[in-house]
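The file model33.txt contains compact mmCIF, C-alpha atoms:
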# COMPACT_ATOMS: atom_id res chain seq x y z
CA MET E 28 0.00 0.00 0.00
CA GLU E 29 1.33 3.45 -0.93
CA ASP E 30 2.25 5.88 1.80
CA ALA E 31 1.05 9.49 1.67
CA LEU E 32 4.25 10.88 0.11
CA SER E 33 4.28 8.20 -2.61
CA LYS E 34 0.67 9.08 -3.46
CA ILE E 35 1.62 12.74 -3.80
CA CYS E 36 4.56 11.87 -6.03
CA ARG E 37 2.37 9.64 -8.23
CA ALA E 38 -0.33 12.31 -8.55
CA VAL E 39 2.28 14.79 -9.81
CA VAL E 40 3.63 12.27 -12.31
CA GLU E 41 0.09 11.58 -13.53
CA GLY E 42 -0.73 15.30 -13.66
CA ASP E 43 -3.71 14.79 -11.36
CA ASP E 44 -4.31 18.18 -9.74
CA VAL E 45 -7.45 17.03 -7.90
CA SER E 46 -5.89 14.00 -6.23
CA VAL E 47 -2.65 15.77 -5.34
CA VAL E 48 -4.59 18.35 -3.31
CA GLU E 49 -6.49 15.58 -1.54
CA TYR E 50 -3.26 13.68 -0.76
CA VAL E 51 -1.44 16.80 0.46
CA ARG E 52 -4.31 17.62 2.82
CA GLU E 53 -4.40 14.03 4.06
CA ALA E 54 -0.64 14.09 4.69
CA LEU E 55 -0.89 17.34 6.63
CA GLN E 56 -3.76 15.99 8.72
CA ALA E 57 -1.68 12.90 9.45
CA GLY E 58 1.07 15.10 10.83
CA GLU E 59 3.52 15.23 7.93
CA SER E 60 5.54 18.46 7.82
CA PRO E 61 5.05 20.78 4.81
CA LEU E 62 8.79 20.61 4.13
CA ARG E 63 8.78 16.81 3.99
CA ILE E 64 5.77 16.85 1.67
CA LEU E 65 7.71 19.21 -0.61
CA ASN E 66 11.05 17.39 -0.46
CA GLU E 67 9.82 13.78 -0.49
CA GLY E 68 6.53 14.06 -2.36
CA LEU E 69 6.41 16.94 -4.83
CA MET E 70 10.09 17.26 -5.74
CA PRO E 71 10.58 13.56 -6.60
CA GLY E 72 7.43 13.74 -8.73
CA ALA E 73 8.71 16.82 -10.55
CA ASP E 74 12.07 15.10 -11.11
CA ILE E 75 10.37 12.05 -12.65
CA VAL E 76 8.27 14.26 -14.93
CA GLY E 77 11.39 16.16 -15.99
CA LYS E 78 13.29 12.98 -16.74
CA ARG E 79 10.44 11.51 -18.78
CA PHE E 80 10.12 14.76 -20.72
CA GLU E 81 13.82 14.77 -21.54
CA GLU E 82 13.69 11.12 -22.62
CA GLY E 83 10.78 11.77 -24.98
CA GLU E 84 8.31 9.71 -22.95
CA TYR E 85 6.40 12.82 -21.89
CA PHE E 86 5.42 15.76 -24.08
CA LEU E 87 4.32 19.37 -23.52
CA PRO E 88 0.73 18.45 -22.53
CA ASP E 89 2.11 16.07 -19.86
CA LEU E 90 4.41 18.83 -18.60
CA MET E 91 1.46 21.23 -18.46
CA LEU E 92 -0.65 18.79 -16.45
CA ALA E 93 2.21 18.14 -14.03
CA GLY E 94 2.75 21.89 -13.69
CA ARG E 95 -0.91 22.37 -12.86
CA ALA E 96 -0.75 19.63 -10.22
CA LEU E 97 2.38 21.15 -8.68
CA LYS E 98 0.78 24.60 -8.62
CA ALA E 99 -2.34 23.25 -6.90
CA ALA E 100 -0.26 21.51 -4.24
CA MET E 101 1.97 24.53 -3.67
CA GLU E 102 -1.06 26.77 -3.11
CA ILE E 103 -1.68 24.72 0.04
CA LEU E 104 1.94 24.41 1.13
CA LYS E 105 3.18 27.93 0.33
CA PRO E 106 1.77 29.71 3.43
CA LEU E 107 2.83 26.82 5.67
CA LEU E 108 6.36 26.81 4.30
CA ALA E 109 6.57 30.59 4.63
CA ALA E 110 5.46 30.40 8.26
CA ALA E 111 8.07 27.73 8.98
CA ALA E 112 10.82 29.76 7.26
CA ALA E 113 9.89 32.82 9.32
CA THR E 114 10.76 31.00 12.54
CA ASP E 115 13.69 28.95 11.23
CA PRO E 116 16.22 30.85 9.08
CA THR E 117 17.78 27.58 7.87
CA LEU E 118 14.58 26.87 5.93
CA LYS E 119 14.72 30.05 3.87
CA LYS E 120 15.12 29.38 0.15
CA ALA E 121 16.03 31.66 -2.69
CA ARG E 122 13.32 33.96 -4.01
CA ILE E 123 12.50 34.22 -7.71
CA VAL E 124 10.37 36.89 -9.40
CA ILE E 125 8.96 35.58 -12.68
CA ALA E 126 6.93 37.42 -15.32
CA THR E 127 6.01 37.49 -18.98
CA VAL E 128 7.33 40.83 -20.23
CA GLN E 129 5.21 43.73 -21.39
CA THR E 130 3.28 43.40 -24.69
CA ASP E 131 3.24 39.59 -24.35
CA ILE E 132 0.22 37.79 -22.85
CA HIS E 133 1.42 34.19 -23.21
CA ASP E 134 1.69 32.34 -19.93
CA ILE E 135 1.72 28.57 -20.51
CA GLY E 136 5.50 28.24 -20.50
CA LYS E 137 5.89 30.69 -17.63
CA ASN E 138 3.32 28.86 -15.53
CA ILE E 139 5.06 25.51 -16.02
CA VAL E 140 8.44 26.99 -15.13
CA ALA E 141 6.98 28.74 -12.07
CA SER E 142 5.41 25.49 -10.85
CA MET E 143 8.62 23.51 -11.35
CA LEU E 144 10.69 26.15 -9.57
CA ALA E 145 8.25 26.16 -6.65
CA ALA E 146 8.40 22.36 -6.50
CA ALA E 147 12.19 22.66 -6.36
CA GLY E 148 11.71 24.54 -3.12
CA TYR E 149 12.11 28.14 -4.26
CA GLU E 150 9.82 30.96 -3.25
CA VAL E 151 8.27 32.06 -6.54
CA ILE E 152 6.54 35.40 -7.03
CA ASP E 153 4.57 35.12 -10.27
CA MET E 154 3.63 38.54 -11.62
CA GLY E 155 1.60 37.24 -14.54
CA VAL E 156 1.72 38.51 -18.12
CA ASP E 157 2.31 41.82 -19.93
CA VAL E 158 4.22 43.17 -16.93
CA PRO E 159 5.97 46.55 -17.25
CA LEU E 160 9.72 46.43 -16.74
CA ASN E 161 9.76 48.91 -13.88
CA ALA E 162 7.12 46.87 -12.06
CA ILE E 163 9.28 43.74 -12.33
CA ILE E 164 12.30 45.55 -10.90
CA GLU E 165 10.24 47.14 -8.12
CA LYS E 166 8.86 43.73 -7.14
CA ALA E 167 12.36 42.23 -7.10
CA GLU E 168 13.51 45.08 -4.85
CA GLU E 169 10.45 44.85 -2.61
CA THR E 170 10.74 41.08 -2.12
CA LYS E 171 14.56 41.00 -1.97
CA ALA E 172 14.60 38.49 -4.83
CA ASP E 173 17.69 36.55 -5.87
CA ILE E 174 16.63 35.84 -9.47
CA ILE E 175 14.50 37.65 -12.04
CA ALA E 176 13.05 35.21 -14.57
CA LEU E 177 11.62 36.67 -17.79
CA SER E 178 9.43 34.95 -20.36
CA ALA E 179 8.43 35.99 -23.87
CA LEU E 180 6.88 33.98 -26.69
CA LEU E 181 6.59 36.78 -29.22
CA THR E 182 9.79 37.78 -31.01
CA THR E 183 8.52 41.36 -30.86
CA SER E 184 8.48 41.14 -27.05
CA MET E 185 11.95 39.64 -26.64
CA PRO E 186 13.81 42.99 -26.85
CA TYR E 187 12.12 44.03 -23.61
CA MET E 188 14.27 41.41 -21.86
CA LYS E 189 17.35 43.32 -22.98
CA ASP E 190 15.70 46.57 -21.95
CA LEU E 191 15.16 45.24 -18.43
CA ILE E 192 18.83 44.27 -18.12
CA GLU E 193 19.85 47.72 -19.36
CA LEU E 194 17.45 49.28 -16.87
CA LEU E 195 19.04 47.28 -14.05
CA LYS E 196 22.45 48.55 -15.16
CA ALA E 197 21.23 52.14 -15.32
CA ARG E 198 19.89 51.87 -11.78
CA GLY E 199 23.06 50.25 -10.48
CA LEU E 200 21.25 47.01 -9.70
CA ARG E 201 22.60 44.57 -12.29
CA GLN E 202 25.02 42.83 -9.92
CA LYS E 203 22.23 42.32 -7.42
CA TYR E 204 20.19 39.89 -9.51
CA ARG E 205 20.72 36.85 -11.70
CA VAL E 206 18.52 37.22 -14.78
CA MET E 207 17.07 34.13 -16.49
CA VAL E 208 15.26 34.43 -19.82
CA GLY E 209 13.10 31.96 -21.70
CA GLY E 210 10.59 31.45 -24.49
CA ALA E 211 10.15 29.53 -27.69
CA SER E 212 12.47 31.79 -29.72
CA VAL E 213 15.04 32.45 -27.00
CA THR E 214 18.39 30.78 -27.69
CA PRO E 215 21.52 30.56 -25.51
CA GLU E 216 23.30 32.78 -28.01
CA TRP E 217 20.63 35.45 -27.86
CA ALA E 218 20.50 35.27 -24.05
CA GLU E 219 24.25 35.81 -23.93
CA SER E 220 24.08 38.67 -26.42
CA ILE E 221 21.68 40.66 -24.22
CA GLY E 222 23.71 40.03 -21.07
CA ALA E 223 21.35 37.56 -19.39
CA ASP E 224 22.77 34.96 -17.01
CA GLY E 225 21.29 32.06 -18.96
CA THR E 226 18.27 30.38 -20.50
CA GLY E 227 16.69 26.94 -20.50
CA ARG E 228 14.88 25.37 -23.41
CA ASP E 229 12.22 24.00 -21.03
CA ALA E 230 11.13 24.00 -17.39
CA VAL E 231 13.51 21.18 -16.50
CA GLU E 232 16.51 23.14 -17.74
CA ALA E 233 15.18 26.28 -16.06
CA VAL E 234 15.32 24.56 -12.66
CA ARG E 235 18.84 23.33 -13.37
CA LEU E 236 19.87 26.83 -14.40
CA ALA E 237 18.42 28.35 -11.23
CA ARG E 238 20.30 25.84 -9.12
CA ARG E 239 23.52 26.57 -10.97
CA LEU E 240 23.14 30.35 -10.70
CA LEU E 241 22.50 30.00 -6.96
CA GLY E 242 25.52 27.75 -6.52
CA GLU E 243 23.39 24.73 -5.63
CA GLY E 244 24.32 22.42 -8.47

Just give me the structure of the file as structure tokens.
Amino acid sequence: MEDALSKICRAVVEGDDVSVVEYVREALQAGESPLRILNEGLMPGADIVGKRFEEGEYFLPDLMLAGRALKAAMEILKPLLAAAAATDPTLKKARIVIATVQTDIHDIGKNIVASMLAAAGYEVIDMGVDVPLNAIIEKAEETKADIIALSALLTTSMPYMKDLIELLKARGLRQKYRVMVGGASVTPEWAESIGADGTGRDAVEAVRLARRLLGEG
């Protein structure tokens, strides 16, 4: 018989956002800590999904379903994890502000990346779509973020990523933040050319990049 954490992991792998919420609530009622649910339930599930995606066993729809399941679970765990981190500094994780840049309203890729980053244990502040550059910087300053993650699907929106980096430089803030960029047309070469700290072709690579930029892997 599966234990509670195995059920949570399986629900993520199956992209079952209804069951994962039920299993997370059951685990909490049974006395499991939010951190253990994250580390031994959600994260292993996200890792399996990422591996299957890379191996060609899973495709974008599977990744989207898993992202939705992770997001649903994290909605329950987020306040509990934040409360625990407030009383125990060793539990504090890096903070990431993520947004789709101004003039672009596409959010599927951003949402998947945000869910995977949250499942990796990071505190993710998702600002949504069509977000003005100054608003992104102000949110990063307000929340004391470690990483700014920018998404754009439209090629006409991609230059705003460069504009944000230039704006950080102009305000003397560039060294304060790692800047990740992503989107269907974003390449490593283009990311380098605008002065970003890196890009990932999918959510799995985005998590790896975040870990690398934060010196965690």

In Å and to one decimal, CA of Gly83 (chain E) is distant from CA of Met143 (chain E) by 18.1 Å

With the cut-off set at 12 Å and counting only C-alpha atoms, tabulate each residue of region 150-196 of chain E with an atom at most that distance from an atom of region 213-231 of chain E, showing the nearest atom pair and its distance in Å to one decimal, ordered by chain and increasing number, as a Markdown table.
| residue | atom | partner | partner_atom | distance |
| --- | --- | --- | --- | --- |
| E:Ile174 | CA | E:Asp224 | CA | 9.8 |
| E:Ile175 | CA | E:Asp224 | CA | 10.0 |
| E:Ala176 | CA | E:Thr226 | CA | 9.3 |
| E:Leu177 | CA | E:Thr226 | CA | 9.5 |
| E:Ser178 | CA | E:Val213 | CA | 9.0 |
| E:Ala179 | CA | E:Val213 | CA | 8.1 |
| E:Leu180 | CA | E:Val213 | CA | 8.3 |
| E:Leu181 | CA | E:Val213 | CA | 9.8 |
| E:Thr182 | CA | E:Val213 | CA | 8.5 |
| E:Thr183 | CA | E:Val213 | CA | 11.7 |
| E:Ser184 | CA | E:Val213 | CA | 10.9 |
| E:Met185 | CA | E:Val213 | CA | 7.8 |
| E:Pro186 | CA | E:Ile221 | CA | 8.6 |
| E:Tyr187 | CA | E:Ile221 | CA | 10.2 |
| E:Met188 | CA | E:Ile221 | CA | 7.8 |
| E:Lys189 | CA | E:Ile221 | CA | 5.2 |
| E:Asp190 | CA | E:Ile221 | CA | 8.7 |
| E:Leu191 | CA | E:Ile221 | CA | 9.8 |
| E:Ile192 | CA | E:Gly222 | CA | 7.1 |
| E:Glu193 | CA | E:Ile221 | CA | 8.8 |
| E:Leu194 | CA | E:Gly222 | CA | 11.9 |
| E:Leu195 | CA | E:Gly222 | CA | 11.1 |
| E:Lys196 | CA | E:Gly222 | CA | 10.4 |

Could the residues of region 121-164 of chain E that have an atom at most 9 Å from region 100-104 of chain E be listed as a Markdown table, each with its closest atom pair and the distance in Å to one decimal, counting only C-alpha atoms and ordered by chain and ascending residue number?
| residue | atom | partner | partner_atom | distance |
| --- | --- | --- | --- | --- |
| E:Ser142 | CA | E:Met101 | CA | 8.0 |
| E:Ala145 | CA | E:Met101 | CA | 7.1 |
| E:Ala146 | CA | E:Met101 | CA | 7.4 |

Fill in: Selection near region 106-110 of chain E, 7 Å with all atoms listed in the file, sequence-local residues under 4 positions removed, as an MDAnalysis selection string
chainID E and resid 61:62 114

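For the pair CA of Cys36 (chain E) and CA of Glu67 (chain E), the separation is 7.9 Å.
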
Hey, what's within 9 Å of Asp44 (chain E) if we count all atoms listed in the file and toss same-chain stuff fewer than 6 positions away? As a ChimeraX atom specification, please? /E:38,92-100

Ala31 (chain E) proximity check over E:Leu240, E:Met154, E:Leu55, E:Val208, using all atoms listed in the file: winner is E:Leu55

Shortest contact to Lys171 (chain E), candidates E:Met207, E:Val156, E:Val39, E:Val151, atoms counted all atoms listed in the file, goes to E:Val151

Q. For the point (9.8, 39.1, 0.2) in file coordinates, what residues are within 10 Å, counting only C-alpha atoms? Give the answer as an NGL selection string?
A. :E and (122-124 or 150-152 or 166-172)
